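For reference, the structure is listed below as structure tokens.
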Amino acid sequence: MSLDSSPIDMTDTYSALGVDDVLRRELRDECRLSAIEFLRSTASTQIVARELAAPDGTDRMLVVADYQTSGRGQLGRQWSSAAGSSVMFSLVVHPSSPEAMALIPIRAGIAAAEALDAVIGIEGRILLKWPNDLVVDGAKLGGILCEGQIRDGDLRAIVGVGINVRPFTLLADVAASPAFLDEIAGRPIERLEVLRAVVKGMSSALDVSPPMLSDEELARHSSRDWLAGRDIVEPALGRVKGINGHGHLIVRAHNGDIEEVVSGSVRTVEVG
Ligand code: BTN
């Protein structure tokens, strides 16, 4: 599906997804997807995925966009992009329990960070800022927005992912210092390669969905935890210890009390 008639740049393999059935089939098989939609421009892939997802609860649909006119971020924020610059998609998955649904941002984040490291060839470069930011040197490279739905008893999550690849100017009202994958890698990165690696990683990470994070998942998160050891002022006051098996943030208050934070947006003392 392509919503406008402007010519497609066939050297950009990401955009070629809109016209190349073979490419789409390859990606579908590789990532075990039921369907792929590519949109040159749309309001938000989250909206399209919600509309197109099959009612029977068995699909794993992927909606990819080159540009979004009303990209949605966490906590009602906007997600800014420019055509040709980002990887943006929504993946529909079916967690086996509400607990597993709540862990999707953490599991998707670990999978995305590992996949992106592999694409740029630098192990441990992409870190995770709880609950669902991908960061490099404290700057935001990408984010994950997980929206849940229950339809006829089926739990469904629409996992929206945005990753900045080529530098572009963020909308003035998007308050975050951005990072771009090209600059981190020191070379141009193919957006299709990023899409492929991240969707594949997430697809298998979200395949089985136990209600708690395993020790192995916790260790993988901990090795990339940007917040661990940092002092924060929101949503709790104290020093971050890490996350627990429920995906909650553990904060040690300055009086020694331990607080378990379930959700919220974190503000650190250092970078505000
Ligand atoms: C965040 O605020 O960090 C989450 C950003 C999520 C952005 C992605 S881009 C693809 C999908 N469609 C949207 O409208 N938002 C998500």
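By convention here, the chains of the structure tokens are called A, B, ... in the order presented, each chain's residues are numbered starting at 1, and ligands are numbered starting at 1 in the order presented.
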Mind running chain A against ligand 1 at 10 Å and telling me each contacting residue's nearest atom pair with the distance in Å (one decimal), counting only C-alpha atoms and all ligand atoms, chain and number ascending, as JSON lines?
{"residue": "A:Thr42", "atom": "CA", "partner": "ligand 1", "partner_atom_place_in_ligand_line": "14 (O)", "distance": 9.1}
{"residue": "A:Ala43", "atom": "CA", "partner": "ligand 1", "partner_atom_place_in_ligand_line": "14 (O)", "distance": 7.2}
{"residue": "A:Ser44", "atom": "CA", "partner": "ligand 1", "partner_atom_place_in_ligand_line": "14 (O)", "distance": 4.0}
{"residue": "A:Thr45", "atom": "CA", "partner": "ligand 1", "partner_atom_place_in_ligand_line": "12 (N)", "distance": 4.4}
{"residue": "A:Gln46", "atom": "CA", "partner": "ligand 1", "partner_atom_place_in_ligand_line": "12 (N)", "distance": 4.7}
{"residue": "A:Ile47", "atom": "CA", "partner": "ligand 1", "partner_atom_place_in_ligand_line": "14 (O)", "distance": 7.4}
{"residue": "A:Val48", "atom": "CA", "partner": "ligand 1", "partner_atom_place_in_ligand_line": "12 (N)", "distance": 9.0}
{"residue": "A:Ala49", "atom": "CA", "partner": "ligand 1", "partner_atom_place_in_ligand_line": "12 (N)", "distance": 9.1}
{"residue": "A:Val63", "atom": "CA", "partner": "ligand 1", "partner_atom_place_in_ligand_line": "10 (C)", "distance": 8.6}
{"residue": "A:Val64", "atom": "CA", "partner": "ligand 1", "partner_atom_place_in_ligand_line": "10 (C)", "distance": 7.6}
{"residue": "A:Ala65", "atom": "CA", "partner": "ligand 1", "partner_atom_place_in_ligand_line": "10 (C)", "distance": 7.5}
{"residue": "A:Asp66", "atom": "CA", "partner": "ligand 1", "partner_atom_place_in_ligand_line": "10 (C)", "distance": 9.6}
{"residue": "A:Tyr67", "atom": "CA", "partner": "ligand 1", "partner_atom_place_in_ligand_line": "9 (S)", "distance": 9.0}
{"residue": "A:Gln68", "atom": "CA", "partner": "ligand 1", "partner_atom_place_in_ligand_line": "14 (O)", "distance": 7.0}
{"residue": "A:Thr69", "atom": "CA", "partner": "ligand 1", "partner_atom_place_in_ligand_line": "14 (O)", "distance": 8.7}
{"residue": "A:Ser70", "atom": "CA", "partner": "ligand 1", "partner_atom_place_in_ligand_line": "14 (O)", "distance": 6.5}
{"residue": "A:Gly71", "atom": "CA", "partner": "ligand 1", "partner_atom_place_in_ligand_line": "14 (O)", "distance": 3.5}
{"residue": "A:Arg72", "atom": "CA", "partner": "ligand 1", "partner_atom_place_in_ligand_line": "14 (O)", "distance": 3.6}
{"residue": "A:Gly73", "atom": "CA", "partner": "ligand 1", "partner_atom_place_in_ligand_line": "2 (O)", "distance": 3.2}
{"residue": "A:Gln74", "atom": "CA", "partner": "ligand 1", "partner_atom_place_in_ligand_line": "2 (O)", "distance": 3.8}
{"residue": "A:Leu75", "atom": "CA", "partner": "ligand 1", "partner_atom_place_in_ligand_line": "2 (O)", "distance": 7.2}
{"residue": "A:Gly76", "atom": "CA", "partner": "ligand 1", "partner_atom_place_in_ligand_line": "2 (O)", "distance": 8.1}
{"residue": "A:Arg77", "atom": "CA", "partner": "ligand 1", "partner_atom_place_in_ligand_line": "2 (O)", "distance": 6.3}
{"residue": "A:Gln78", "atom": "CA", "partner": "ligand 1", "partner_atom_place_in_ligand_line": "2 (O)", "distance": 7.1}
{"residue": "A:Trp79", "atom": "CA", "partner": "ligand 1", "partner_atom_place_in_ligand_line": "7 (C)", "distance": 5.4}
{"residue": "A:Ser80", "atom": "CA", "partner": "ligand 1", "partner_atom_place_in_ligand_line": "7 (C)", "distance": 8.2}
{"residue": "A:Ser81", "atom": "CA", "partner": "ligand 1", "partner_atom_place_in_ligand_line": "9 (S)", "distance": 8.3}
{"residue": "A:Ser86", "atom": "CA", "partner": "ligand 1", "partner_atom_place_in_ligand_line": "9 (S)", "distance": 8.5}
{"residue": "A:Val87", "atom": "CA", "partner": "ligand 1", "partner_atom_place_in_ligand_line": "9 (S)", "distance": 7.5}
{"residue": "A:Met88", "atom": "CA", "partner": "ligand 1", "partner_atom_place_in_ligand_line": "10 (C)", "distance": 4.1}
{"residue": "A:Phe89", "atom": "CA", "partner": "ligand 1", "partner_atom_place_in_ligand_line": "10 (C)", "distance": 4.4}
{"residue": "A:Ser90", "atom": "CA", "partner": "ligand 1", "partner_atom_place_in_ligand_line": "11 (C)", "distance": 5.3}
{"residue": "A:Leu91", "atom": "CA", "partner": "ligand 1", "partner_atom_place_in_ligand_line": "11 (C)", "distance": 8.9}
{"residue": "A:Pro131", "atom": "CA", "partner": "ligand 1", "partner_atom_place_in_ligand_line": "3 (O)", "distance": 9.3}
{"residue": "A:Asn132", "atom": "CA", "partner": "ligand 1", "partner_atom_place_in_ligand_line": "3 (O)", "distance": 6.6}
{"residue": "A:Asp133", "atom": "CA", "partner": "ligand 1", "partner_atom_place_in_ligand_line": "3 (O)", "distance": 5.6}
{"residue": "A:Leu134", "atom": "CA", "partner": "ligand 1", "partner_atom_place_in_ligand_line": "3 (O)", "distance": 8.1}
{"residue": "A:Lys140", "atom": "CA", "partner": "ligand 1", "partner_atom_place_in_ligand_line": "3 (O)", "distance": 8.2}
{"residue": "A:Leu141", "atom": "CA", "partner": "ligand 1", "partner_atom_place_in_ligand_line": "3 (O)", "distance": 9.0}
{"residue": "A:Gly142", "atom": "CA", "partner": "ligand 1", "partner_atom_place_in_ligand_line": "3 (O)", "distance": 6.1}
{"residue": "A:Gly143", "atom": "CA", "partner": "ligand 1", "partner_atom_place_in_ligand_line": "3 (O)", "distance": 3.3}
{"residue": "A:Ile144", "atom": "CA", "partner": "ligand 1", "partner_atom_place_in_ligand_line": "4 (C)", "distance": 4.2}
{"residue": "A:Leu145", "atom": "CA", "partner": "ligand 1", "partner_atom_place_in_ligand_line": "4 (C)", "distance": 4.4}
{"residue": "A:Cys146", "atom": "CA", "partner": "ligand 1", "partner_atom_place_in_ligand_line": "4 (C)", "distance": 8.2}
{"residue": "A:Glu147", "atom": "CA", "partner": "ligand 1", "partner_atom_place_in_ligand_line": "16 (C)", "distance": 9.7}
{"residue": "A:Ile158", "atom": "CA", "partner": "ligand 1", "partner_atom_place_in_ligand_line": "11 (C)", "distance": 8.9}
{"residue": "A:Val159", "atom": "CA", "partner": "ligand 1", "partner_atom_place_in_ligand_line": "11 (C)", "distance": 7.5}
{"residue": "A:Gly160", "atom": "CA", "partner": "ligand 1", "partner_atom_place_in_ligand_line": "11 (C)", "distance": 3.8}
{"residue": "A:Val161", "atom": "CA", "partner": "ligand 1", "partner_atom_place_in_ligand_line": "8 (C)", "distance": 4.1}
{"residue": "A:Gly162", "atom": "CA", "partner": "ligand 1", "partner_atom_place_in_ligand_line": "9 (S)", "distance": 3.8}
{"residue": "A:Ile163", "atom": "CA", "partner": "ligand 1", "partner_atom_place_in_ligand_line": "9 (S)", "distance": 7.4}
{"residue": "A:Asn164", "atom": "CA", "partner": "ligand 1", "partner_atom_place_in_ligand_line": "9 (S)", "distance": 9.7}
{"residue": "A:Val174", "atom": "CA", "partner": "ligand 1", "partner_atom_place_in_ligand_line": "2 (O)", "distance": 9.7}
{"residue": "A:Ala176", "atom": "CA", "partner": "ligand 1", "partner_atom_place_in_ligand_line": "3 (O)", "distance": 9.7}
{"residue": "A:Ser265", "atom": "CA", "partner": "ligand 1", "partner_atom_place_in_ligand_line": "2 (O)", "distance": 10.0}
_Spatial neighbours of A:Arg156, max dist 6 Å, only C-alpha atoms, sep filter under 3 positions, as JSON, numbers by chain_ = {"A": [93, 94, 148, 149]}
Kindly export the residues of the current selection with N, CA and C atoms, as a compact mmCIF listing (two decimals), in the first residue's frame.
# COMPACT_ATOMS: atom_id res chain seq x y z
N VAL A 93 1.52 -8.02 18.08
CA VAL A 93 1.83 -9.31 18.70
C VAL A 93 0.74 -9.66 19.71
N HIS A 94 0.75 -10.92 20.15
CA HIS A 94 -0.32 -11.41 21.04
C HIS A 94 0.28 -12.01 22.30
N GLY A 148 -1.84 -1.49 24.21
CA GLY A 148 -2.56 -2.76 24.36
C GLY A 148 -4.01 -2.66 23.94
N GLN A 149 -4.56 -3.79 23.57
CA GLN A 149 -5.96 -3.88 23.16
C GLN A 149 -6.47 -5.24 23.60
Go through stretch 157-210 of chain A and flag each residue having an atom no more than 12 Å from stretch 16-24 of chain A; for those, report the closest pair of atoms plus their distance in Å to one decimal, using only C-alpha atoms, ordered by chain and rising number, as JSON lines.
{"residue": "A:Arg191", "atom": "CA", "partner": "A:Leu17", "partner_atom": "CA", "distance": 11.0}
{"residue": "A:Leu192", "atom": "CA", "partner": "A:Leu17", "partner_atom": "CA", "distance": 8.5}
{"residue": "A:Glu193", "atom": "CA", "partner": "A:Leu23", "partner_atom": "CA", "distance": 11.9}
{"residue": "A:Leu195", "atom": "CA", "partner": "A:Leu17", "partner_atom": "CA", "distance": 10.8}
{"residue": "A:Arg196", "atom": "CA", "partner": "A:Arg24", "partner_atom": "CA", "distance": 10.6}
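Within 7 Å of stretch 111-114 of chain A there are Ile126, Leu127, Leu134, Val198, Gly201, Met202 and Ala205 of chain A, counting only C-alpha atoms and ignoring same-chain residues fewer than 5 positions away.
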Next, write the just-selected residues to a file, as a short mmCIF file (atom, residue, chain, number, x, y, z; two decimals), in the first residue's frame, keeping N, CA and C atoms as the atom set.
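Generated file (selection.cif):
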data_model
loop_
_atom_site.label_atom_id
_atom_site.label_comp_id
_atom_site.auth_asym_id
_atom_site.auth_seq_id
_atom_site.Cartn_x
_atom_site.Cartn_y
_atom_site.Cartn_z
N ILE A 126 24.56 0.66 22.13
CA ILE A 126 23.19 1.16 22.32
C ILE A 126 22.70 0.75 23.71
N LEU A 127 22.32 1.75 24.51
CA LEU A 127 21.89 1.46 25.87
C LEU A 127 20.38 1.66 26.01
N LEU A 134 15.88 4.01 23.61
CA LEU A 134 17.18 3.53 23.15
C LEU A 134 18.10 4.75 23.16
N VAL A 198 15.94 -5.40 13.49
CA VAL A 198 15.16 -5.10 14.69
C VAL A 198 13.85 -5.90 14.72
N GLY A 201 14.67 -9.56 15.54
CA GLY A 201 15.01 -9.72 16.96
C GLY A 201 13.78 -9.62 17.84
N MET A 202 12.95 -8.63 17.57
CA MET A 202 11.76 -8.43 18.40
C MET A 202 10.77 -9.56 18.23
N ALA A 205 11.99 -12.38 20.26
CA ALA A 205 11.95 -12.07 21.70
C ALA A 205 10.52 -12.10 22.23
#
_Non-local contacts of A:Lys241 (12 Å; only C-alpha atoms; under 2 positions in same chain excluded) as number ranges by chain_ = A: 130, 222, 225-232, 238-239, 243-244, 248-253, 256-261
Atoms to include: N, CA and C atoms. Write the selected residues as a PDB file, in the first residue's frame.
ATOM      1  N   TRP A 130      15.125   3.060  30.939  1.00  0.00           N
ATOM      2  CA  TRP A 130      13.793   2.601  31.342  1.00  0.00           C
ATOM      3  C   TRP A 130      12.783   3.719  31.190  1.00  0.00           C
ATOM      4  N   SER A 222      20.577  -5.441  32.205  1.00  0.00           N
ATOM      5  CA  SER A 222      21.492  -4.770  33.129  1.00  0.00           C
ATOM      6  C   SER A 222      22.792  -4.328  32.435  1.00  0.00           C
ATOM      7  N   ASP A 225      21.947  -0.992  30.884  1.00  0.00           N
ATOM      8  CA  ASP A 225      21.060  -0.111  31.652  1.00  0.00           C
ATOM      9  C   ASP A 225      21.721   1.248  31.869  1.00  0.00           C
ATOM     10  N   TRP A 226      21.273   2.238  31.108  1.00  0.00           N
ATOM     11  CA  TRP A 226      21.871   3.582  31.184  1.00  0.00           C
ATOM     12  C   TRP A 226      21.575   4.260  32.521  1.00  0.00           C
ATOM     13  N   LEU A 227      20.440   3.878  33.148  1.00  0.00           N
ATOM     14  CA  LEU A 227      20.033   4.555  34.381  1.00  0.00           C
ATOM     15  C   LEU A 227      20.722   3.991  35.631  1.00  0.00           C
ATOM     16  N   ALA A 228      21.193   2.767  35.563  1.00  0.00           N
ATOM     17  CA  ALA A 228      21.733   2.124  36.773  1.00  0.00           C
ATOM     18  C   ALA A 228      22.852   2.979  37.373  1.00  0.00           C
ATOM     19  N   GLY A 229      22.730   3.265  38.659  1.00  0.00           N
ATOM     20  CA  GLY A 229      23.746   4.052  39.353  1.00  0.00           C
ATOM     21  C   GLY A 229      23.543   5.557  39.220  1.00  0.00           C
ATOM     22  N   ARG A 230      22.529   5.979  38.452  1.00  0.00           N
ATOM     23  CA  ARG A 230      22.287   7.425  38.299  1.00  0.00           C
ATOM     24  C   ARG A 230      21.256   7.915  39.318  1.00  0.00           C
ATOM     25  N   ASP A 231      21.415   9.178  39.713  1.00  0.00           N
ATOM     26  CA  ASP A 231      20.447   9.805  40.614  1.00  0.00           C
ATOM     27  C   ASP A 231      19.321  10.394  39.789  1.00  0.00           C
ATOM     28  N   ILE A 232      18.095  10.095  40.212  1.00  0.00           N
ATOM     29  CA  ILE A 232      16.940  10.608  39.473  1.00  0.00           C
ATOM     30  C   ILE A 232      16.045  11.449  40.389  1.00  0.00           C
ATOM     31  N   GLY A 238      15.989   9.398  44.136  1.00  0.00           N
ATOM     32  CA  GLY A 238      16.992   8.478  44.665  1.00  0.00           C
ATOM     33  C   GLY A 238      17.917   7.978  43.573  1.00  0.00           C
ATOM     34  N   ARG A 239      18.619   6.877  43.875  1.00  0.00           N
ATOM     35  CA  ARG A 239      19.576   6.317  42.916  1.00  0.00           C
ATOM     36  C   ARG A 239      19.038   5.011  42.339  1.00  0.00           C
ATOM     37  N   ILE A 243      16.302  -2.907  37.222  1.00  0.00           N
ATOM     38  CA  ILE A 243      14.889  -3.304  37.135  1.00  0.00           C
ATOM     39  C   ILE A 243      14.738  -4.696  37.764  1.00  0.00           C
ATOM     40  N   ASN A 244      13.494  -5.049  38.099  1.00  0.00           N
ATOM     41  CA  ASN A 244      13.249  -6.398  38.623  1.00  0.00           C
ATOM     42  C   ASN A 244      12.516  -7.258  37.581  1.00  0.00           C
ATOM     43  N   HIS A 248       9.821  -3.535  36.670  1.00  0.00           N
ATOM     44  CA  HIS A 248       9.688  -2.280  37.426  1.00  0.00           C
ATOM     45  C   HIS A 248      11.069  -1.708  37.752  1.00  0.00           C
ATOM     46  N   LEU A 249      11.132  -0.386  37.835  1.00  0.00           N
ATOM     47  CA  LEU A 249      12.403   0.276  38.149  1.00  0.00           C
ATOM     48  C   LEU A 249      12.611   0.273  39.666  1.00  0.00           C
ATOM     49  N   ILE A 250      13.795  -0.123  40.097  1.00  0.00           N
ATOM     50  CA  ILE A 250      14.096  -0.157  41.527  1.00  0.00           C
ATOM     51  C   ILE A 250      14.989   1.036  41.860  1.00  0.00           C
ATOM     52  N   VAL A 251      14.496   1.847  42.808  1.00  0.00           N
ATOM     53  CA  VAL A 251      15.211   3.076  43.178  1.00  0.00           C
ATOM     54  C   VAL A 251      15.494   3.053  44.679  1.00  0.00           C
ATOM     55  N   ARG A 252      16.749   3.360  45.037  1.00  0.00           N
ATOM     56  CA  ARG A 252      17.079   3.462  46.465  1.00  0.00           C
ATOM     57  C   ARG A 252      17.014   4.944  46.864  1.00  0.00           C
ATOM     58  N   ALA A 253      16.067   5.256  47.748  1.00  0.00           N
ATOM     59  CA  ALA A 253      15.932   6.648  48.210  1.00  0.00           C
ATOM     60  C   ALA A 253      17.164   7.006  49.031  1.00  0.00           C
ATOM     61  N   GLY A 256      17.748   5.262  52.209  1.00  0.00           N
ATOM     62  CA  GLY A 256      17.971   3.816  52.152  1.00  0.00           C
ATOM     63  C   GLY A 256      16.735   3.010  51.774  1.00  0.00           C
ATOM     64  N   ASP A 257      15.559   3.636  51.810  1.00  0.00           N
ATOM     65  CA  ASP A 257      14.330   2.913  51.438  1.00  0.00           C
ATOM     66  C   ASP A 257      14.373   2.534  49.961  1.00  0.00           C
ATOM     67  N   ILE A 258      13.792   1.350  49.674  1.00  0.00           N
ATOM     68  CA  ILE A 258      13.746   0.901  48.279  1.00  0.00           C
ATOM     69  C   ILE A 258      12.356   1.168  47.717  1.00  0.00           C
ATOM     70  N   GLU A 259      12.307   1.815  46.585  1.00  0.00           N
ATOM     71  CA  GLU A 259      11.020   2.080  45.937  1.00  0.00           C
ATOM     72  C   GLU A 259      10.956   1.343  44.606  1.00  0.00           C
ATOM     73  N   GLU A 260       9.779   0.765  44.328  1.00  0.00           N
ATOM     74  CA  GLU A 260       9.566   0.050  43.075  1.00  0.00           C
ATOM     75  C   GLU A 260       8.657   0.903  42.199  1.00  0.00           C
ATOM     76  N   VAL A 261       9.165   1.386  41.076  1.00  0.00           N
ATOM     77  CA  VAL A 261       8.380   2.281  40.222  1.00  0.00           C
ATOM     78  C   VAL A 261       7.803   1.475  39.067  1.00  0.00           C
TER      79      VAL A 261
END
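Within the 8 Å cut-off around stretch 28-37 of chain A, using only C-alpha atoms and omitting residues fewer than 2 positions from it on the same chain, the listed residues are Met1, Gly18, Arg24, Arg25, Glu26, Leu39, Asp59, Arg60, Met61, Leu62, Val63, Val64, Arg196, Val199, Lys200, Ser203 and Ser204 of chain A.
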Write the residues of the selection above to a file with N, CA, C and O atoms, as a PDB file, in the first residue's frame.
ATOM      1  N   MET A   1       0.862  -1.191   0.000  1.00  0.00           N
ATOM      2  CA  MET A   1       0.000   0.000   0.000  1.00  0.00           C
ATOM      3  C   MET A   1       0.896   1.237   0.000  1.00  0.00           C
ATOM      4  O   MET A   1       1.809   1.337   0.788  1.00  0.00           O
ATOM      5  N   GLY A  18       7.707  -0.827  -0.577  1.00  0.00           N
ATOM      6  CA  GLY A  18       6.353  -0.488  -1.016  1.00  0.00           C
ATOM      7  C   GLY A  18       5.986  -1.083  -2.361  1.00  0.00           C
ATOM      8  O   GLY A  18       4.803  -1.237  -2.658  1.00  0.00           O
ATOM      9  N   ARG A  24       9.288  -7.911   0.171  1.00  0.00           N
ATOM     10  CA  ARG A  24       8.294  -7.995   1.254  1.00  0.00           C
ATOM     11  C   ARG A  24       8.114  -9.437   1.712  1.00  0.00           C
ATOM     12  O   ARG A  24       8.020  -9.726   2.895  1.00  0.00           O
ATOM     13  N   ARG A  25       8.110 -10.368   0.734  1.00  0.00           N
ATOM     14  CA  ARG A  25       7.925 -11.785   1.085  1.00  0.00           C
ATOM     15  C   ARG A  25       9.114 -12.290   1.908  1.00  0.00           C
ATOM     16  O   ARG A  25       8.966 -13.005   2.890  1.00  0.00           O
ATOM     17  N   GLU A  26      10.322 -11.864   1.473  1.00  0.00           N
ATOM     18  CA  GLU A  26      11.549 -12.261   2.196  1.00  0.00           C
ATOM     19  C   GLU A  26      11.470 -11.821   3.655  1.00  0.00           C
ATOM     20  O   GLU A  26      11.734 -12.588   4.575  1.00  0.00           O
ATOM     21  N   LEU A  39       3.941   2.171   3.960  1.00  0.00           N
ATOM     22  CA  LEU A  39       3.260   3.430   3.647  1.00  0.00           C
ATOM     23  C   LEU A  39       4.291   4.535   3.454  1.00  0.00           C
ATOM     24  O   LEU A  39       5.147   4.729   4.330  1.00  0.00           O
ATOM     25  N   ASP A  59      -2.747 -13.060  13.943  1.00  0.00           N
ATOM     26  CA  ASP A  59      -1.836 -12.402  13.008  1.00  0.00           C
ATOM     27  C   ASP A  59      -0.615 -11.802  13.702  1.00  0.00           C
ATOM     28  O   ASP A  59      -0.625 -11.522  14.900  1.00  0.00           O
ATOM     29  N   ARG A  60       0.454 -11.628  12.927  1.00  0.00           N
ATOM     30  CA  ARG A  60       1.590 -10.842  13.376  1.00  0.00           C
ATOM     31  C   ARG A  60       1.889  -9.875  12.233  1.00  0.00           C
ATOM     32  O   ARG A  60       2.663 -10.171  11.336  1.00  0.00           O
ATOM     33  N   MET A  61       1.183  -8.777  12.283  1.00  0.00           N
ATOM     34  CA  MET A  61       1.247  -7.840  11.163  1.00  0.00           C
ATOM     35  C   MET A  61       2.287  -6.755  11.416  1.00  0.00           C
ATOM     36  O   MET A  61       2.489  -6.340  12.562  1.00  0.00           O
ATOM     37  N   LEU A  62       2.931  -6.313  10.340  1.00  0.00           N
ATOM     38  CA  LEU A  62       3.923  -5.242  10.447  1.00  0.00           C
ATOM     39  C   LEU A  62       3.491  -4.094   9.545  1.00  0.00           C
ATOM     40  O   LEU A  62       3.224  -4.292   8.360  1.00  0.00           O
ATOM     41  N   VAL A  63       3.425  -2.904  10.111  1.00  0.00           N
ATOM     42  CA  VAL A  63       3.125  -1.709   9.313  1.00  0.00           C
ATOM     43  C   VAL A  63       4.341  -0.794   9.390  1.00  0.00           C
ATOM     44  O   VAL A  63       4.777  -0.407  10.477  1.00  0.00           O
ATOM     45  N   VAL A  64       4.897  -0.471   8.213  1.00  0.00           N
ATOM     46  CA  VAL A  64       6.136   0.319   8.136  1.00  0.00           C
ATOM     47  C   VAL A  64       5.823   1.641   7.441  1.00  0.00           C
ATOM     48  O   VAL A  64       5.036   1.668   6.496  1.00  0.00           O
ATOM     49  N   ARG A 196      15.040  -4.854   9.207  1.00  0.00           N
ATOM     50  CA  ARG A 196      15.141  -6.318   9.189  1.00  0.00           C
ATOM     51  C   ARG A 196      15.654  -6.858  10.517  1.00  0.00           C
ATOM     52  O   ARG A 196      15.069  -7.758  11.112  1.00  0.00           O
ATOM     53  N   VAL A 199      13.169  -5.977  13.576  1.00  0.00           N
ATOM     54  CA  VAL A 199      11.896  -6.727  13.570  1.00  0.00           C
ATOM     55  C   VAL A 199      12.163  -8.204  13.836  1.00  0.00           C
ATOM     56  O   VAL A 199      11.435  -8.863  14.585  1.00  0.00           O
ATOM     57  N   LYS A 200      13.241  -8.721  13.252  1.00  0.00           N
ATOM     58  CA  LYS A 200      13.561 -10.141  13.462  1.00  0.00           C
ATOM     59  C   LYS A 200      13.847 -10.416  14.952  1.00  0.00           C
ATOM     60  O   LYS A 200      13.323 -11.356  15.541  1.00  0.00           O
ATOM     61  N   SER A 203      10.644  -9.999  16.986  1.00  0.00           N
ATOM     62  CA  SER A 203       9.693 -11.054  16.706  1.00  0.00           C
ATOM     63  C   SER A 203      10.032 -12.299  17.517  1.00  0.00           C
ATOM     64  O   SER A 203       9.147 -12.905  18.151  1.00  0.00           O
ATOM     65  N   SER A 204      11.318 -12.663  17.562  1.00  0.00           N
ATOM     66  CA  SER A 204      11.619 -13.873  18.352  1.00  0.00           C
ATOM     67  C   SER A 204      11.610 -13.586  19.842  1.00  0.00           C
ATOM     68  O   SER A 204      11.213 -14.444  20.635  1.00  0.00           O
TER      69      SER A 204
END
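Between atom CA of A:Gly84 and atom CA of A:Ile120 the interatomic distance comes to 18.6 Å.
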*Filtered DSSP result for stretch 10-246 of chain A, state strand (DSSP E or B), as a PyMOL selection string*: chain A and resi 35-42+61-68+72+78+86-93+127-129+133-136+139-151+154-164+178+225+231-234+238-243
_What parts of stretch 12-223 of chain A does DSSP call alpha helix (DSSP H)? I'd like the answer as number ranges by chain._
A: 13-16, 21-30, 45-52, 98-120, 181-185, 191-205, 215-222
_Give me the residues near A:Val165 as a PyMOL selection string, where near means some atom within 6 Å (using only C-alpha atoms) and where sequence neighbours in that chain fewer than 2 positions away do not count._
chain A and resi 85-86+180-182
